[in-house]
Amino acid sequence: MPAIYLLLSGISSFLAETFGRYLSRKLSKLAGALIVLGALFAAAYASLNVLLGALSIQFPAQYSSLLAAFLPDNTMFCISTVVSARFIKAAFDWKARLASISMQGS
C-alpha cells in the first residue's frame, strides 16, 4: 500500500510541476505583452498630447475655441487607441510573416 501512495504522489507532483511550469511561461508571456501594449498606448497618448498642444499654440484663438466646441473630451484617448492598435497589428503581421517564412524553410 505505501508503494501505491508513493507512486501516486510521484505522478501527481510531476504533473503539478509540469503544469505549473507551462502556466508560468504562458503568464510571463502575457504579462510581457500587456506591458508592451501599455507602453505603446502611453507613448502614443503622450506624443499626440504634445503635438496637439504645440498645434494649439500655433493656431489663432478663434480656431482653437472652435475645435474645443466640437471635439469631445476623449478625442486624445480615441486617437491614441487607434494608433496603438495599428502598431499592434503591424507587429502581429510581422510575427505571422516571420512564422510563415520559417515554416517554408523547414
# chains A, B, ... in the order shown; residues from 1 in each chain; ligands from 1

call {"tool": "closest_atom_pairs", "arguments": {"of": "region 73-102 of chain A", "to": "region 25-38 of chain A", "cutoff": "12 Å", "atoms": "only C-alpha atoms", "output": "Markdown table"}}
result
| residue | atom | partner | partner_atom | distance |
| --- | --- | --- | --- | --- |
| A:Ser80 | CA | A:Gly38 | CA | 11.2 |
| A:Thr81 | CA | A:Leu37 | CA | 10.3 |
| A:Val83 | CA | A:Leu37 | CA | 11.4 |
| A:Ser84 | CA | A:Leu37 | CA | 7.6 |
| A:Ala85 | CA | A:Leu37 | CA | 8.9 |
| A:Arg86 | CA | A:Leu37 | CA | 11.4 |
| A:Phe87 | CA | A:Leu37 | CA | 9.3 |
| A:Ile88 | CA | A:Leu37 | CA | 7.7 |
| A:Lys89 | CA | A:Leu37 | CA | 11.3 |
| A:Ala91 | CA | A:Leu37 | CA | 11.0 |
| A:Phe92 | CA | A:Ala33 | CA | 11.5 |

call {"tool": "write_last_selection", "arguments": {"atoms": "N, CA and C atoms", "output": "PDB file, in the first residue's frame"}}
result
ATOM      1  N   SER A  80      -5.179  57.938 -29.674  1.00  0.00           N
ATOM      2  CA  SER A  80      -4.042  57.131 -29.224  1.00  0.00           C
ATOM      3  C   SER A  80      -4.379  55.643 -29.211  1.00  0.00           C
ATOM      4  N   THR A  81      -5.637  55.301 -28.967  1.00  0.00           N
ATOM      5  CA  THR A  81      -6.042  53.897 -29.037  1.00  0.00           C
ATOM      6  C   THR A  81      -5.936  53.376 -30.469  1.00  0.00           C
ATOM      7  N   VAL A  83      -3.967  54.559 -32.870  1.00  0.00           N
ATOM      8  CA  VAL A  83      -2.543  54.495 -33.228  1.00  0.00           C
ATOM      9  C   VAL A  83      -1.900  53.256 -32.603  1.00  0.00           C
ATOM     10  N   SER A  84      -2.190  52.993 -31.334  1.00  0.00           N
ATOM     11  CA  SER A  84      -1.637  51.810 -30.671  1.00  0.00           C
ATOM     12  C   SER A  84      -2.127  50.526 -31.344  1.00  0.00           C
ATOM     13  N   ALA A  85      -3.388  50.492 -31.726  1.00  0.00           N
ATOM     14  CA  ALA A  85      -3.926  49.300 -32.388  1.00  0.00           C
ATOM     15  C   ALA A  85      -3.233  49.062 -33.732  1.00  0.00           C
ATOM     16  N   ARG A  86      -2.912  50.117 -34.435  1.00  0.00           N
ATOM     17  CA  ARG A  86      -2.216  49.947 -35.717  1.00  0.00           C
ATOM     18  C   ARG A  86      -0.793  49.429 -35.508  1.00  0.00           C
ATOM     19  N   PHE A  87      -0.119  49.915 -34.470  1.00  0.00           N
ATOM     20  CA  PHE A  87       1.211  49.394 -34.158  1.00  0.00           C
ATOM     21  C   PHE A  87       1.137  47.915 -33.783  1.00  0.00           C
ATOM     22  N   ILE A  88       0.145  47.555 -33.004  1.00  0.00           N
ATOM     23  CA  ILE A  88      -0.013  46.166 -32.583  1.00  0.00           C
ATOM     24  C   ILE A  88      -0.318  45.277 -33.781  1.00  0.00           C
ATOM     25  N   LYS A  89      -1.167  45.755 -34.694  1.00  0.00           N
ATOM     26  CA  LYS A  89      -1.481  44.980 -35.896  1.00  0.00           C
ATOM     27  C   LYS A  89      -0.239  44.791 -36.764  1.00  0.00           C
ATOM     28  N   ALA A  91       2.861  44.729 -35.735  1.00  0.00           N
ATOM     29  CA  ALA A  91       3.730  43.764 -35.055  1.00  0.00           C
ATOM     30  C   ALA A  91       3.206  42.342 -35.227  1.00  0.00           C
ATOM     31  N   PHE A  92       1.898  42.171 -35.154  1.00  0.00           N
ATOM     32  CA  PHE A  92       1.313  40.838 -35.322  1.00  0.00           C
ATOM     33  C   PHE A  92       1.517  40.338 -36.755  1.00  0.00           C
TER      34      PHE A  92
END

call {"tool": "atom_distance", "arguments": {"atom1": "CA of Val82 (chain A)", "atom2": "CA of Leu48 (chain A)"}}
result
11.6 Å

call {"tool": "atom_distance", "arguments": {"atom1": "CA of Leu51 (chain A)", "atom2": "CA of Met76 (chain A)"}}
result
10.6 Å

call {"tool": "atom_distance", "arguments": {"atom1": "CA of Leu6 (chain A)", "atom2": "CA of Thr18 (chain A)"}}
result
18.2 Å

call {"tool": "closest_residue", "arguments": {"among": "A:Ile4, A:Cys78, A:Ala99, A:Leu15", "to": "Asn49 (chain A)", "atoms": "only C-alpha atoms"}}
result
A:Cys78

call {"tool": "closest_residue", "arguments": {"among": "A:Pro60, A:Ser65, A:Ile79, A:Ala16", "to": "Ala44 (chain A)", "atoms": "only C-alpha atoms"}}
result
A:Ile79

call {"tool": "decode", "arguments": {"residues": "region 32-47 of chain A", "atoms": "all heavy atoms", "output": "mmCIF file, in the first residue's frame"}}
result
data_model
loop_
_atom_site.group_PDB
_atom_site.id
_atom_site.type_symbol
_atom_site.label_atom_id
_atom_site.label_comp_id
_atom_site.auth_asym_id
_atom_site.auth_seq_id
_atom_site.Cartn_x
_atom_site.Cartn_y
_atom_site.Cartn_z
ATOM 1 N N GLY A 32 4.256 40.212 -20.265
ATOM 2 C CA GLY A 32 5.146 40.991 -21.131
ATOM 3 C C GLY A 32 4.383 41.680 -22.248
ATOM 4 O O GLY A 32 4.648 42.844 -22.562
ATOM 5 N N ALA A 33 3.437 40.975 -22.833
ATOM 6 C CA ALA A 33 2.630 41.574 -23.899
ATOM 7 C C ALA A 33 1.792 42.734 -23.368
ATOM 8 O O ALA A 33 1.666 43.770 -24.024
ATOM 9 C CB ALA A 33 1.734 40.517 -24.532
ATOM 10 N N LEU A 34 1.221 42.582 -22.188
ATOM 11 C CA LEU A 34 0.424 43.660 -21.603
ATOM 12 C C LEU A 34 1.282 44.885 -21.278
ATOM 13 O O LEU A 34 0.845 46.020 -21.462
ATOM 14 C CB LEU A 34 -0.300 43.170 -20.349
ATOM 15 C CG LEU A 34 -1.473 42.245 -20.593
ATOM 16 C CD1 LEU A 34 -2.062 41.755 -19.277
ATOM 17 C CD2 LEU A 34 -2.544 42.942 -21.418
ATOM 18 N N ILE A 35 2.494 44.662 -20.831
ATOM 19 C CA ILE A 35 3.394 45.782 -20.536
ATOM 20 C C ILE A 35 3.759 46.520 -21.817
ATOM 21 O O ILE A 35 3.763 47.756 -21.866
ATOM 22 C CB ILE A 35 4.640 45.282 -19.786
ATOM 23 C CG1 ILE A 35 4.262 44.879 -18.366
ATOM 24 C CG2 ILE A 35 5.737 46.335 -19.768
ATOM 25 C CD1 ILE A 35 5.357 44.176 -17.610
ATOM 26 N N VAL A 36 4.025 45.773 -22.886
ATOM 27 C CA VAL A 36 4.355 46.405 -24.171
ATOM 28 C C VAL A 36 3.150 47.178 -24.710
ATOM 29 O O VAL A 36 3.295 48.300 -25.205
ATOM 30 C CB VAL A 36 4.836 45.342 -25.179
ATOM 31 C CG1 VAL A 36 4.895 45.901 -26.585
ATOM 32 C CG2 VAL A 36 6.189 44.817 -24.768
ATOM 33 N N LEU A 37 1.965 46.610 -24.598
ATOM 34 C CA LEU A 37 0.771 47.312 -25.056
ATOM 35 C C LEU A 37 0.538 48.592 -24.266
ATOM 36 O O LEU A 37 0.182 49.623 -24.830
ATOM 37 C CB LEU A 37 -0.457 46.399 -24.935
ATOM 38 C CG LEU A 37 -0.515 45.208 -25.865
ATOM 39 C CD1 LEU A 37 -1.755 44.372 -25.586
ATOM 40 C CD2 LEU A 37 -0.498 45.644 -27.298
ATOM 41 N N GLY A 38 0.733 48.526 -22.972
ATOM 42 C CA GLY A 38 0.590 49.726 -22.152
ATOM 43 C C GLY A 38 1.616 50.794 -22.505
ATOM 44 O O GLY A 38 1.299 51.984 -22.552
ATOM 45 N N ALA A 39 2.841 50.364 -22.776
ATOM 46 C CA ALA A 39 3.882 51.332 -23.164
ATOM 47 C C ALA A 39 3.560 51.960 -24.512
ATOM 48 O O ALA A 39 3.750 53.172 -24.697
ATOM 49 C CB ALA A 39 5.240 50.643 -23.199
ATOM 50 N N LEU A 40 3.075 51.167 -25.474
ATOM 51 C CA LEU A 40 2.685 51.722 -26.765
ATOM 52 C C LEU A 40 1.552 52.730 -26.625
ATOM 53 O O LEU A 40 1.570 53.803 -27.238
ATOM 54 C CB LEU A 40 2.255 50.605 -27.717
ATOM 55 C CG LEU A 40 3.343 49.830 -28.418
ATOM 56 C CD1 LEU A 40 2.734 48.693 -29.232
ATOM 57 C CD2 LEU A 40 4.127 50.746 -29.334
ATOM 58 N N PHE A 41 0.575 52.387 -25.819
ATOM 59 C CA PHE A 41 -0.555 53.297 -25.625
ATOM 60 C C PHE A 41 -0.107 54.582 -24.942
ATOM 61 O O PHE A 41 -0.495 55.686 -25.358
ATOM 62 C CB PHE A 41 -1.644 52.611 -24.798
ATOM 63 C CG PHE A 41 -2.813 53.500 -24.528
ATOM 64 C CD1 PHE A 41 -3.738 53.732 -25.521
ATOM 65 C CD2 PHE A 41 -2.979 54.107 -23.306
ATOM 66 C CE1 PHE A 41 -4.821 54.560 -25.296
ATOM 67 C CE2 PHE A 41 -4.050 54.936 -23.066
ATOM 68 C CZ PHE A 41 -4.980 55.162 -24.062
ATOM 69 N N ALA A 42 0.719 54.472 -23.915
ATOM 70 C CA ALA A 42 1.192 55.666 -23.210
ATOM 71 C C ALA A 42 2.058 56.535 -24.115
ATOM 72 O O ALA A 42 1.956 57.771 -24.092
ATOM 73 C CB ALA A 42 1.975 55.258 -21.967
ATOM 74 N N ALA A 43 2.890 55.918 -24.935
ATOM 75 C CA ALA A 43 3.734 56.689 -25.848
ATOM 76 C C ALA A 43 2.891 57.406 -26.901
ATOM 77 O O ALA A 43 3.149 58.579 -27.210
ATOM 78 C CB ALA A 43 4.744 55.777 -26.524
ATOM 79 N N ALA A 44 1.907 56.714 -27.444
ATOM 80 C CA ALA A 44 1.043 57.348 -28.444
ATOM 81 C C ALA A 44 0.247 58.489 -27.825
ATOM 82 O O ALA A 44 0.112 59.563 -28.418
ATOM 83 C CB ALA A 44 0.099 56.314 -29.057
ATOM 84 N N TYR A 45 -0.265 58.290 -26.623
ATOM 85 C CA TYR A 45 -1.041 59.335 -25.957
ATOM 86 C C TYR A 45 -0.172 60.553 -25.651
ATOM 87 O O TYR A 45 -0.571 61.687 -25.899
ATOM 88 C CB TYR A 45 -1.655 58.788 -24.668
ATOM 89 C CG TYR A 45 -2.523 59.789 -23.954
ATOM 90 C CD1 TYR A 45 -3.825 60.017 -24.392
ATOM 91 C CD2 TYR A 45 -2.060 60.511 -22.870
ATOM 92 C CE1 TYR A 45 -4.632 60.932 -23.758
ATOM 93 C CE2 TYR A 45 -2.857 61.437 -22.232
ATOM 94 C CZ TYR A 45 -4.145 61.638 -22.672
ATOM 95 O OH TYR A 45 -4.941 62.553 -22.050
ATOM 96 N N ALA A 46 1.034 60.320 -25.146
ATOM 97 C CA ALA A 46 1.914 61.439 -24.807
ATOM 98 C C ALA A 46 2.348 62.203 -26.051
ATOM 99 O O ALA A 46 2.354 63.443 -26.052
ATOM 100 C CB ALA A 46 3.129 60.928 -24.047
ATOM 101 N N SER A 47 2.702 61.484 -27.105
ATOM 102 C CA SER A 47 3.145 62.185 -28.316
ATOM 103 C C SER A 47 2.013 62.973 -28.953
ATOM 104 O O SER A 47 2.213 64.105 -29.405
ATOM 105 C CB SER A 47 3.735 61.190 -29.314
ATOM 106 O OG SER A 47 2.747 60.288 -29.749
#
